[in-house]
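Trainee: For reference, this is my_file34.tsv, and it has TSV, C-alpha atoms.
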chain	number	residue	atom	x	y	z
A	1405	MET	CA	0.43	30.09	-36.55
A	1406	SER	CA	3.54	32.16	-36.18
A	1407	ARG	CA	6.48	30.72	-34.33
A	1408	LYS	CA	7.21	32.50	-31.12
A	1409	PRO	CA	10.57	34.14	-30.85
A	1410	LYS	CA	13.15	32.10	-29.08
A	1411	ALA	CA	14.90	33.40	-26.09
A	1412	ALA	CA	18.52	34.18	-25.89
A	1413	PRO	CA	20.64	31.19	-24.86
A	1414	GLN	CA	19.92	30.31	-21.26
A	1415	PRO	CA	22.53	29.95	-18.59
A	1416	ALA	CA	23.71	26.37	-18.37
A	1417	LYS	CA	22.31	26.04	-14.85
A	1418	ASN	CA	18.73	26.74	-16.00
A	1419	ARG	CA	18.99	24.53	-19.05
A	1420	TYR	CA	19.98	21.47	-17.12
A	1421	LEU	CA	17.99	22.12	-13.95
A	1422	PRO	CA	14.72	20.54	-15.20
A	1423	PHE	CA	16.56	17.37	-16.17
A	1424	VAL	CA	18.27	17.30	-12.80
A	1425	ILE	CA	14.85	17.62	-11.11
A	1426	ILE	CA	13.33	14.91	-13.31
A	1427	GLY	CA	16.27	12.60	-12.70
A	1428	GLY	CA	16.09	13.23	-8.96
A	1429	VAL	CA	12.40	12.36	-8.86
A	1430	LEU	CA	13.02	9.21	-10.92
A	1431	VAL	CA	15.71	8.07	-8.50
A	1432	ALA	CA	13.52	8.94	-5.50
A	1433	ALA	CA	10.59	6.97	-6.97
A	1434	LEU	CA	12.75	3.92	-7.63
A	1435	VAL	CA	14.38	4.04	-4.20
A	1436	GLY	CA	10.97	4.54	-2.57
A	1437	ALA	CA	9.54	1.53	-4.41
A	1438	LEU	CA	12.53	-0.57	-3.39
A	1439	LEU	CA	12.23	0.46	0.26
A	1440	LEU	CA	8.52	-0.32	0.26
A	1441	LEU	CA	9.15	-3.72	-1.27
A	1442	ARG	CA	11.76	-4.51	1.35
A	1443	SER	CA	9.89	-2.99	4.27
A	1444	PRO	CA	9.22	-5.25	7.27
A	1445	ASP	CA	5.51	-5.18	6.55
A	1446	SER	CA	6.10	-7.51	3.61
A	1447	GLY	CA	6.74	-10.44	5.86
A	1448	SER	CA	8.62	-9.22	8.87
A	1449	ALA	CA	11.40	-11.04	10.62
A	1450	SER	CA	12.13	-13.75	13.10
A	1451	ASN	CA	13.98	-13.80	16.34
A	1452	SER	CA	16.13	-16.53	14.98
A	1453	PRO	CA	19.74	-15.76	14.24
A	1454	ALA	CA	20.54	-14.20	10.92
A	1455	SER	CA	20.73	-16.81	8.25
A	1456	ASN	CA	22.70	-17.11	5.07
A	1457	ALA	CA	19.89	-19.01	3.43
A	1458	SER	CA	18.64	-17.09	0.43
A	1459	ASN	CA	15.00	-17.72	1.11
A	1460	THR	CA	14.93	-16.42	4.64
A	1461	ARG	CA	14.98	-12.90	5.91
A	1462	ALA	CA	17.55	-12.04	8.51
A	1463	ALA	CA	16.55	-10.76	11.90
A	1464	SER	CA	18.30	-7.50	11.12
A	1465	ASN	CA	15.37	-6.59	8.89
A	1466	ALA	CA	13.02	-6.64	11.84
A	1467	PRO	CA	11.26	-3.44	12.86
A	1468	ALA	CA	13.44	-1.32	15.10
A	1469	GLY	CA	12.79	-1.00	18.79
A	1470	PRO	CA	12.52	-3.30	21.75
A	1471	ARG	CA	10.64	-6.49	21.16
A	1472	ARG	CA	8.98	-8.79	23.67
A	1473	PRO	CA	10.53	-12.20	24.09
A	1474	GLU	CA	8.98	-14.89	21.95
A	1475	GLN	CA	5.46	-15.59	23.15
A	1476	PRO	CA	3.99	-19.11	23.05
A	1477	GLY	CA	0.70	-18.28	21.32
A	1478	ALA	CA	-2.53	-20.17	21.89
A	1479	PRO	CA	-1.92	-23.57	23.54
A	1480	ASN	CA	-2.29	-26.67	21.40
A	1481	PRO	CA	-2.05	-24.78	18.12
A	1482	HIS	CA	-4.03	-26.02	15.15
A	1483	PHE	CA	-1.95	-27.97	12.68
A	1484	ARG	CA	-2.21	-30.44	9.83
A	1485	GLY	CA	0.33	-33.11	8.99
A	1486	GLY	CA	2.61	-35.00	11.31
A	1487	ALA	CA	2.96	-33.83	14.91
A	1488	THR	CA	6.64	-34.81	14.91
A	1489	ALA	CA	7.35	-33.96	11.26
A	1490	PRO	CA	10.92	-32.88	10.52
A	1491	VAL	CA	9.72	-29.76	8.71
A	1492	THR	CA	7.26	-27.26	10.18
A	1493	LEU	CA	5.56	-24.35	8.44
A	1494	GLU	CA	3.96	-21.91	10.86
A	1495	GLU	CA	1.62	-19.50	9.13
A	1496	PHE	CA	0.38	-16.27	10.66
A	1497	GLY	CA	-2.73	-15.62	8.63
A	1498	ASP	CA	-5.77	-13.41	8.35
A	1499	PHE	CA	-8.87	-15.07	6.90
A	1500	GLN	CA	-9.88	-11.86	5.10
A	1501	CYS	CA	-6.50	-11.27	3.48
A	1502	PRO	CA	-6.57	-12.24	-0.23
A	1503	PRO	CA	-2.89	-13.24	-0.39
A	1504	CYS	CA	-3.56	-15.60	2.56
A	1505	GLY	CA	-6.32	-17.11	0.44
A	1506	ARG	CA	-3.81	-17.70	-2.36
A	1507	LEU	CA	-1.31	-19.20	0.07
A	1508	HIS	CA	-4.05	-21.53	1.34
A	1509	GLY	CA	-4.18	-23.21	-2.09
A	1510	SER	CA	-0.40	-23.69	-2.16
A	1511	LEU	CA	-0.30	-25.08	1.36
A	1512	LYS	CA	-3.05	-27.59	0.62
A	1513	LYS	CA	-1.00	-28.96	-2.25
A	1514	LEU	CA	2.11	-29.19	-0.07
A	1515	GLU	CA	0.11	-30.92	2.66
A	1516	ASP	CA	-1.20	-33.44	0.14
A	1517	GLN	CA	2.27	-33.99	-1.27
A	1518	TYR	CA	4.24	-34.42	1.94
A	1519	GLY	CA	1.61	-35.87	4.26
A	1520	ASP	CA	2.92	-36.59	7.75
A	1521	ARG	CA	6.44	-35.47	6.86
A	1522	LEU	CA	5.25	-31.85	6.99
A	1523	LYS	CA	3.57	-30.04	9.87
A	1524	VAL	CA	1.58	-26.95	8.90
A	1525	VAL	CA	0.53	-24.78	11.84
A	1526	PHE	CA	-2.02	-22.00	11.49
A	1527	ARG	CA	-1.87	-19.00	13.81
A	1528	ASN	CA	-4.44	-16.23	13.78
A	1529	TYR	CA	-3.15	-12.79	12.92
A	1530	PRO	CA	-6.26	-10.75	12.06
A	1531	LEU	CA	-5.40	-7.29	10.73
A	1532	GLN	CA	-8.38	-5.51	12.16
A	1533	ASN	CA	-7.39	-2.05	10.96
A	1534	MET	CA	-7.52	-3.31	7.36
A	1535	HIS	CA	-10.09	-6.08	7.45
A	1536	LYS	CA	-13.28	-5.45	9.36
A	1537	ASN	CA	-14.37	-9.11	9.40
A	1538	ALA	CA	-10.98	-10.66	10.07
A	1539	PHE	CA	-11.39	-10.96	13.82
A	1540	SER	CA	-14.91	-12.40	13.67
A	1541	ALA	CA	-13.71	-14.91	11.06
A	1542	ALA	CA	-10.86	-15.94	13.36
A	1543	ARG	CA	-13.37	-16.41	16.16
A	1544	ALA	CA	-15.53	-18.54	13.86
A	1545	ALA	CA	-12.57	-20.81	13.07
A	1546	GLU	CA	-11.66	-21.08	16.76
A	1547	ALA	CA	-15.29	-21.79	17.68
A	1548	ALA	CA	-15.32	-24.59	15.12
A	1549	GLY	CA	-12.09	-25.81	16.68
A	1550	LEU	CA	-13.94	-26.35	19.96
A	1551	GLN	CA	-15.94	-28.99	18.10
A	1552	GLY	CA	-12.82	-30.43	16.51
A	1553	LYS	CA	-13.36	-28.86	13.09
A	1554	PHE	CA	-11.01	-25.88	13.02
A	1555	PHE	CA	-9.52	-26.70	9.63
A	1556	GLN	CA	-12.87	-27.48	8.03
A	1557	MET	CA	-13.99	-23.95	8.96
A	1558	HIS	CA	-10.54	-22.58	8.04
A	1559	ASP	CA	-10.93	-24.04	4.55
A	1560	MET	CA	-14.50	-22.77	4.18
A	1561	LEU	CA	-13.46	-19.26	5.16
A	1562	PHE	CA	-10.55	-19.12	2.74
A	1563	GLU	CA	-12.35	-20.82	-0.12
A	1564	HIS	CA	-15.45	-18.63	0.16
A	1565	GLN	CA	-13.70	-15.40	1.12
A	1566	PRO	CA	-15.65	-13.20	-1.36
A	1567	GLU	CA	-18.95	-14.30	0.21
A	1568	TRP	CA	-18.32	-12.83	3.64
A	1569	GLN	CA	-15.37	-10.43	3.47
A	1570	ASP	CA	-17.45	-7.31	2.78
A	1571	SER	CA	-20.57	-8.40	4.58
A	1572	PRO	CA	-21.81	-5.92	7.20
A	1573	GLU	CA	-22.97	-8.92	9.27
A	1574	PRO	CA	-21.01	-12.06	8.44
A	1575	ARG	CA	-22.15	-14.17	11.40
A	1576	PRO	CA	-25.12	-15.78	9.59
A	1577	ILE	CA	-22.71	-16.73	6.81
A	1578	TYR	CA	-20.33	-18.32	9.32
A	1579	ALA	CA	-23.32	-20.16	10.81
A	1580	SER	CA	-24.22	-21.49	7.36
A	1581	TYR	CA	-20.66	-22.80	7.00
A	1582	ALA	CA	-20.93	-24.36	10.45
A	1583	SER	CA	-24.04	-26.18	9.30
A	1584	ARG	CA	-22.36	-27.34	6.09
A	1585	ILE	CA	-19.38	-28.84	7.91
A	1586	GLY	CA	-21.65	-30.61	10.39
A	1587	LEU	CA	-21.20	-28.52	13.53
A	1588	ASN	CA	-23.77	-28.06	16.23
A	1589	VAL	CA	-24.76	-24.60	15.04
A	1590	ASP	CA	-26.24	-23.38	18.31
A	1591	LYS	CA	-23.10	-24.35	20.19
A	1592	PHE	CA	-20.99	-22.79	17.44
A	1593	LYS	CA	-22.85	-19.48	17.74
A	1594	ALA	CA	-22.49	-19.48	21.52
A	1595	ASP	CA	-18.80	-20.44	21.33
A	1596	MET	CA	-18.07	-17.61	18.92
A	1597	GLU	CA	-18.93	-15.15	21.66
A	1598	ARG	CA	-16.87	-16.90	24.36
A	1599	GLN	CA	-13.95	-15.01	25.82
A	1600	GLU	CA	-11.83	-18.15	25.63
A	1601	VAL	CA	-12.15	-18.08	21.84
A	1602	ALA	CA	-11.16	-14.42	21.62
A	1603	ASP	CA	-8.25	-15.10	23.98
A	1604	ARG	CA	-6.86	-17.80	21.66
A	1605	VAL	CA	-6.94	-15.39	18.73
A	1606	GLN	CA	-5.29	-12.73	20.82
A	1607	ALA	CA	-2.61	-15.12	22.08
A	1608	ASP	CA	-1.67	-16.07	18.51
A	1609	PHE	CA	-1.56	-12.40	17.57
A	1610	VAL	CA	0.73	-11.63	20.50
A	1611	ARG	CA	3.01	-14.51	19.49
A	1612	GLY	CA	3.18	-13.18	15.94
A	1613	THR	CA	4.00	-9.68	17.11
A	1614	SER	CA	6.68	-11.05	19.42
A	1615	LEU	CA	8.25	-12.73	16.39
A	1616	GLY	CA	8.17	-9.47	14.44
A	1617	VAL	CA	5.13	-10.26	12.30
A	1618	SER	CA	3.31	-7.18	11.08
A	1619	GLY	CA	1.71	-8.32	7.83
A	1620	THR	CA	-0.02	-11.37	6.47
A	1621	PRO	CA	0.63	-13.97	5.39
A	1622	THR	CA	3.89	-14.45	7.23
A	1623	VAL	CA	5.27	-17.98	7.23
A	1624	PHE	CA	8.07	-19.42	9.31
A	1625	LEU	CA	9.86	-22.49	8.01
A	1626	ASN	CA	11.44	-24.37	10.89
A	1627	GLY	CA	11.52	-21.09	12.83
A	1628	ARG	CA	12.93	-18.93	10.07
A	1629	VAL	CA	10.73	-16.37	8.39
A	1630	LEU	CA	10.20	-16.66	4.65
A	1631	THR	CA	10.16	-13.59	2.45
A	1632	ALA	CA	6.93	-12.60	0.73
A	1633	ASP	CA	8.15	-13.62	-2.73
A	1634	VAL	CA	8.76	-17.18	-1.47
A	1635	THR	CA	5.53	-17.35	0.53
A	1636	LEU	CA	3.37	-16.31	-2.39
A	1637	ASP	CA	5.05	-18.41	-5.08
A	1638	GLU	CA	4.09	-22.06	-4.88
A	1639	GLN	CA	7.23	-23.28	-6.65
A	1640	LYS	CA	9.55	-21.22	-4.47
A	1641	LEU	CA	7.69	-22.34	-1.36
A	1642	ARG	CA	8.01	-25.97	-2.41
A	1643	GLY	CA	11.70	-25.37	-3.08
A	1644	ALA	CA	12.17	-23.91	0.40
A	1645	VAL	CA	10.42	-26.92	1.96
A	1646	GLU	CA	12.56	-29.32	-0.11
A	1647	SER	CA	15.68	-27.46	1.06
A	1648	ALA	CA	14.55	-27.87	4.65
A	1649	PHE	CA	14.08	-31.61	4.11
A	1650	ALA	CA	17.51	-31.83	2.52
A	1651	ALA	CA	19.10	-29.91	5.39
A	1652	GLY	CA	17.53	-32.31	7.88
A	1653	ARG	CA	18.90	-35.44	6.23
B	1435	MET	CA	16.68	20.69	-27.33
B	1436	SER	CA	17.41	24.34	-27.83
B	1437	ASP	CA	14.77	24.59	-30.60
B	1438	ASP	CA	12.08	23.87	-28.04
B	1439	TYR	CA	13.43	26.12	-25.41
B	1440	ALA	CA	11.68	29.50	-25.05
B	1441	GLU	CA	11.85	32.32	-22.57
B	1442	ALA	CA	9.78	31.36	-19.60
B	1443	ASP	CA	9.00	34.84	-18.36
B	1444	GLY	CA	7.22	36.09	-21.43
B	1445	ASP	CA	3.48	36.50	-22.02
B	1446	ALA	CA	0.72	35.09	-19.87
B	1447	GLY	CA	0.10	31.95	-21.93
B	1448	ARG	CA	3.61	30.67	-21.52
B	1449	GLY	CA	5.01	33.15	-19.05
B	1450	ARG	CA	4.66	33.56	-15.31
B	1451	PRO	CA	0.95	32.56	-15.03
B	1452	GLY	CA	1.60	29.59	-17.31
B	1453	ARG	CA	4.51	28.56	-15.14
B	1454	VAL	CA	2.31	28.62	-12.08
B	1455	TRP	CA	-0.11	26.16	-13.70
B	1456	ASP	CA	2.80	24.00	-14.82
B	1457	ALA	CA	4.34	24.03	-11.35
B	1458	LEU	CA	1.00	23.07	-9.81
B	1459	SER	CA	0.66	20.28	-12.38
B	1460	ALA	CA	4.13	19.02	-11.45
B	1461	VAL	CA	3.21	18.94	-7.76
B	1462	ALA	CA	-0.08	17.15	-8.49
B	1463	ALA	CA	1.74	14.62	-10.68
B	1464	LEU	CA	4.20	13.99	-7.83
B	1465	VAL	CA	1.30	13.12	-5.52
B	1466	GLY	CA	-0.07	10.76	-8.17
B	1467	LEU	CA	3.38	9.24	-8.66
B	1468	ALA	CA	3.78	8.56	-4.93
B	1469	ASP	CA	0.32	6.96	-4.83
B	1470	ALA	CA	1.03	4.76	-7.86
B	1471	VAL	CA	4.50	3.75	-6.63
B	1472	TYR	CA	3.00	2.68	-3.29
B	1473	LEU	CA	0.31	0.61	-5.01
B	1474	THR	CA	2.87	-0.96	-7.36
B	1475	ALA	CA	5.14	-1.96	-4.48
B	1476	GLU	CA	2.26	-3.39	-2.44
B	1477	HIS	CA	1.00	-5.30	-5.47
B	1478	LEU	CA	4.44	-6.78	-6.16
B	1479	ALA	CA	4.86	-7.69	-2.48
B	1480	GLY	CA	1.41	-9.34	-2.50
B	1481	ARG	CA	0.28	-7.33	0.49
B	1482	SER	CA	-3.05	-5.88	1.51
B	1483	VAL	CA	-3.03	-2.11	1.66
B	1484	LEU	CA	-4.32	-0.07	4.56
B	1485	CYS	CA	-7.82	0.84	3.38
B	1486	MET	CA	-9.16	4.15	4.68
B	1487	VAL	CA	-12.61	5.73	4.30
B	1488	VAL	CA	-13.84	2.96	1.98
B	1489	SER	CA	-13.57	-0.79	2.51
B	1490	GLY	CA	-13.11	-2.38	-0.90
B	1491	CYS	CA	-9.37	-1.89	-1.49
B	1492	ASP	CA	-8.53	-5.59	-1.55
B	1493	LYS	CA	-11.45	-6.39	-3.82
B	1494	VAL	CA	-10.32	-3.75	-6.32
B	1495	LEU	CA	-6.57	-4.27	-6.06
B	1496	MET	CA	-6.75	-8.06	-6.18
B	1497	SER	CA	-9.16	-8.09	-9.12
B	1498	ASP	CA	-8.19	-8.98	-12.68
B	1499	TYR	CA	-8.58	-5.31	-13.59
B	1500	ALA	CA	-5.59	-4.43	-11.39
B	1501	THR	CA	-3.20	-6.55	-13.43
B	1502	LEU	CA	-1.97	-6.01	-16.99
B	1503	PRO	CA	-1.31	-8.85	-19.43
B	1504	GLY	CA	1.94	-10.48	-18.39
B	1505	GLY	CA	1.17	-10.05	-14.71
B	1506	TYR	CA	2.37	-6.47	-14.41
B	1507	PRO	CA	0.44	-4.30	-11.96
B	1508	LEU	CA	-1.75	-1.65	-13.56
B	1509	ALA	CA	-0.43	0.74	-10.92
B	1510	ALA	CA	3.01	0.50	-12.58
B	1511	LEU	CA	1.51	1.90	-15.78
B	1512	GLY	CA	-0.03	4.66	-13.65
B	1513	ALA	CA	3.36	5.39	-12.11
B	1514	LEU	CA	4.90	5.69	-15.59
B	1515	ALA	CA	2.10	8.03	-16.68
B	1516	TYR	CA	2.48	10.24	-13.61
B	1517	PHE	CA	6.25	10.33	-14.03
B	1518	ALA	CA	5.80	11.36	-17.68
B	1519	ALA	CA	3.27	14.02	-16.64
B	1520	PHE	CA	5.66	15.30	-13.97
B	1521	SER	CA	8.55	15.45	-16.44
B	1522	LEU	CA	6.50	17.29	-19.06
B	1523	ALA	CA	5.16	19.74	-16.47
B	1524	VAL	CA	8.69	20.48	-15.23
B	1525	LEU	CA	9.94	20.97	-18.79
B	1526	ALA	CA	6.98	23.26	-19.57
B	1527	CYS	CA	7.68	25.16	-16.37
B	1528	PHE	CA	11.22	25.79	-17.59
B	1529	GLY	CA	10.02	27.05	-20.96
B	1530	TYR	CA	10.08	23.95	-23.16
B	1531	GLU	CA	7.07	24.87	-25.27
B	1532	ARG	CA	6.58	21.50	-26.93
B	1533	ALA	CA	6.08	19.86	-23.56
B	1534	ARG	CA	2.70	21.56	-23.01
B	1535	PRO	CA	0.69	20.00	-25.85
B	1536	LEU	CA	2.22	16.64	-24.97
B	1537	LEU	CA	1.26	17.16	-21.32
B	1538	ASP	CA	-2.30	18.08	-22.34
B	1539	LEU	CA	-2.57	14.99	-24.53
B	1540	LEU	CA	-1.21	12.73	-21.79
B	1541	VAL	CA	-3.54	14.22	-19.18
B	1542	ALA	CA	-6.53	13.73	-21.51
B	1543	LEU	CA	-5.58	10.05	-21.96
B	1544	MET	CA	-5.08	9.62	-18.22
B	1545	PHE	CA	-8.45	11.19	-17.53
B	1546	ALA	CA	-10.14	8.85	-20.01
B	1547	ALA	CA	-8.47	5.89	-18.27
B	1548	THR	CA	-9.61	7.28	-14.92
B	1549	LEU	CA	-13.23	7.44	-16.09
B	1550	TRP	CA	-13.01	3.81	-17.21
B	1551	LEU	CA	-11.51	2.69	-13.91
B	1552	LEU	CA	-14.14	4.58	-11.92
B	1553	TYR	CA	-16.80	2.83	-14.00
B	1554	VAL	CA	-15.19	-0.56	-13.27
B	1555	GLN	CA	-15.07	0.16	-9.54
B	1556	ALA	CA	-18.64	1.47	-9.35
B	1557	PHE	CA	-20.49	-0.93	-11.65
B	1558	VAL	CA	-18.36	-4.02	-12.22
B	1559	LEU	CA	-16.57	-4.62	-8.92
B	1560	GLU	CA	-19.00	-2.56	-6.82
B	1561	ALA	CA	-16.12	-1.63	-4.54
B	1562	PHE	CA	-13.83	1.35	-4.25
B	1563	CYS	CA	-10.19	1.66	-3.33
B	1564	THR	CA	-8.93	4.72	-1.46
B	1565	TYR	CA	-5.72	4.96	-3.48
B	1566	CYS	CA	-7.56	4.59	-6.79
B	1567	LEU	CA	-9.91	7.40	-5.76
B	1568	LEU	CA	-6.91	9.55	-4.82
B	1569	SER	CA	-5.41	8.85	-8.23
B	1570	ALA	CA	-8.71	9.79	-9.89
B	1571	ALA	CA	-8.75	13.05	-7.94
B	1572	VAL	CA	-5.17	13.84	-8.98
B	1573	THR	CA	-5.88	13.14	-12.64
B	1574	THR	CA	-8.98	15.30	-12.50
B	1575	LEU	CA	-6.92	18.07	-10.90
B	1576	LEU	CA	-4.32	17.74	-13.67
B	1577	LEU	CA	-7.09	18.11	-16.26
B	1578	LEU	CA	-8.49	21.18	-14.51
B	1579	LEU	CA	-5.02	22.73	-14.30
B	1580	ALA	CA	-4.45	22.13	-18.02
B	1581	LEU	CA	-7.80	23.74	-18.82
B	1582	ALA	CA	-7.09	26.67	-16.51
B	1583	ARG	CA	-3.69	27.23	-18.12
B	1584	ARG	CA	-5.19	27.23	-21.60
B	1585	LEU	CA	-7.91	29.64	-20.48
B	1586	ALA	CA	-5.38	31.97	-18.88
B	1587	GLY	CA	-3.28	31.89	-22.03
B	1588	ARG	CA	-6.25	32.69	-24.23
B	1589	ARG	CA	-7.28	35.62	-22.04
B	1590	ALA	CA	-3.75	37.00	-22.05
B	1591	ARG	CA	-3.59	36.83	-25.84
B	1592	LEU	CA	-6.90	38.71	-26.16
B	1593	GLN	CA	-5.71	41.54	-23.92
Could the structure of this file be written out as structure tokens, please?

Mentor:
Amino acid sequence: MSRKPKAAPQPAKNRYLPFVIIGGVLVAALVGALLLLRSPDSGSASNSPASNASNTRAASNAPAGPRRPEQPGAPNPHFRGGATAPVTLEEFGDFQCPPCGRLHGSLKKLEDQYGDRLKVVFRNYPLQNMHKNAFSAARAAEAAGLQGKFFQMHDMLFEHQPEWQDSPEPRPIYASYASRIGLNVDKFKADMERQEVADRVQADFVRGTSLGVSGTPTVFLNGRVLTADVTLDEQKLRGAVESAFAAGR
Amino acid sequence: MSDDYAEADGDAGRGRPGRVWDALSAVAALVGLADAVYLTAEHLAGRSVLCMVVSGCDKVLMSDYATLPGGYPLAALGALAYFAAFSLAVLACFGYERARPLLDLLVALMFAATLWLLYVQAFVLEAFCTYCLLSAAVTTLLLLLALARRLAGRRARLQ
């Protein structure tokens, strides 16, 4: 195969232009990735004042635009641990979100470790545009709550997520969980359809939005939002909780 | 560098028609790069992605197949591949002859990986992810563009 004749030397502009283009795209890709990683969707922000703590995200990272004042959420929120514990974790979660499922495991360990010294609140934040069964799952948990077994259903939903998340009709699966945790299944089914149950889910969602939540899981530690890398890393989460205990001493 | 550099406006195989295919390949690779960068960032942030058209994004992206040994997201490898494809296409577009066979080899490897990932989605996970399907479409387009460029070059040489 004969070698093709080479061209005359090219003007310097043309010779370097491809490398300028390649370098520009590399920089754009890296900046884009960084912006996506730091976007509010990764965990959003709180209304609390900006903090110097390394594991909290300052309010300045909140989505732009006017925000409603902090909303109370559903009354008598579901929580585990001590009602007057010095440290409170408030999770805004979606039962169909896989990272929320991972966080569930970490939180269980923290709850076991700290007992009544830690209060872990769960707020519903179903991302219905991403997860088709998220809202019905939230209703199932709230319906179980009417029989005093919110967290038993909460645990079933997270621990058996693959069973129902893609189901075109998950209600029979929820009913089977209701049976397994000892609920009155007929009442559970009826409660799932009650407006009061949907209103609780909606109230939690409104509270989350008022705090700047836009993705799940978003966790607030004593009112300050945690970044996604802390929320999803058990050791970092434990470290943040320990820091909160230390700060309260 | 200068040894590889040839006149871009020469015959059809490496001249203007060839440049058109290379430019189209560069644009396609950019789309793939954006897709892969988005998936990499969402994976690293531990977020669910907005799933359009299909409903199995989480199942695919949270599966073991979405993570490389060491915990690195597979999408990061895709981003590297698309960036390499973009770079080679740009260099080929500007007359760097040696970039074209490398681009063709890379695209062939990417297409093979795409076929494997489509198999995994269809028969192992039984779920599809919108962004993975977009990536598969881009890789297929890159393969078709490479084939079209080679065909155009062969025709030009015969004339």

Trainee: In Å to one decimal, how far is atom CA of B:Thr1564 from atom CA of B:Leu1536?

Mentor: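 Atom-to-atom, atom CA of B:Leu1536 to atom CA of B:Thr1564, that is 28.6 Å.
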
Trainee: Between atom CA of A:Val1629 and atom CA of A:Thr1492, measure the distance and give it in Å to one decimal.

Mentor: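 If I compute the distance from atom CA of A:Val1629 to atom CA of A:Thr1492, I get 11.6 Å.
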
Trainee: Between atom CA of B:Asp1469 and atom CA of B:Val1541, what is the distance, to one decimal in Å?

Mentor: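 Straight-line distance from atom CA of B:Asp1469 to atom CA of B:Val1541 works out to 16.5 Å.
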
Trainee: Taking only C-alpha atoms into account, which of B:Leu1592, B:Ala1475, B:Ala1468, B:Leu1495 comes nearest B:Ala1561?

Mentor: B:Leu1495

Trainee: Could you list, as JSON, numbers by chain, every residue within 9 Å of stretch 1473-1484 of chain A, counting all atoms listed in the file and ignoring same-chain residues fewer than 3 positions away?

Mentor: {"A": [1451, 1487, 1494, 1515, 1519, 1520, 1522, 1523, 1524, 1525, 1526, 1527, 1549, 1554, 1555, 1603, 1604, 1605, 1606, 1607, 1608, 1609, 1610, 1611, 1612, 1613, 1614, 1615]}

Trainee: For a quick check of your reading of the model, name the residues lying within 12 Å of the coordinate (-4.7, 16.9, -7.3), counting all atoms listed in the file, and write them as number ranges by chain.

Mentor: B: 1458-1467, 1469, 1516, 1567-1580

Trainee: Which polymer residues have any atom within 8 Å of an atom of B:Val1524, counting all atoms listed in the file, with same-chain residues fewer than 6 positions away left out, as a list in words?

Mentor: Pro1422, Ile1425 and Ile1426 of chain A; Asp1456, Ala1457 and Ala1460 of chain B

Trainee: Tell me which of A:His1508, A:His1535, A:Lys1513, A:Lys1593 sits closest to chain B, counting all atoms listed in the file.

Mentor: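 Closest candidate: A:His1535.
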
Trainee: From the options A:Val1491, A:Leu1514, A:Ala1602, A:Val1623, which residue's atoms come nearest to A:Ala1541, counting all atoms listed in the file?

Mentor: A:Ala1602
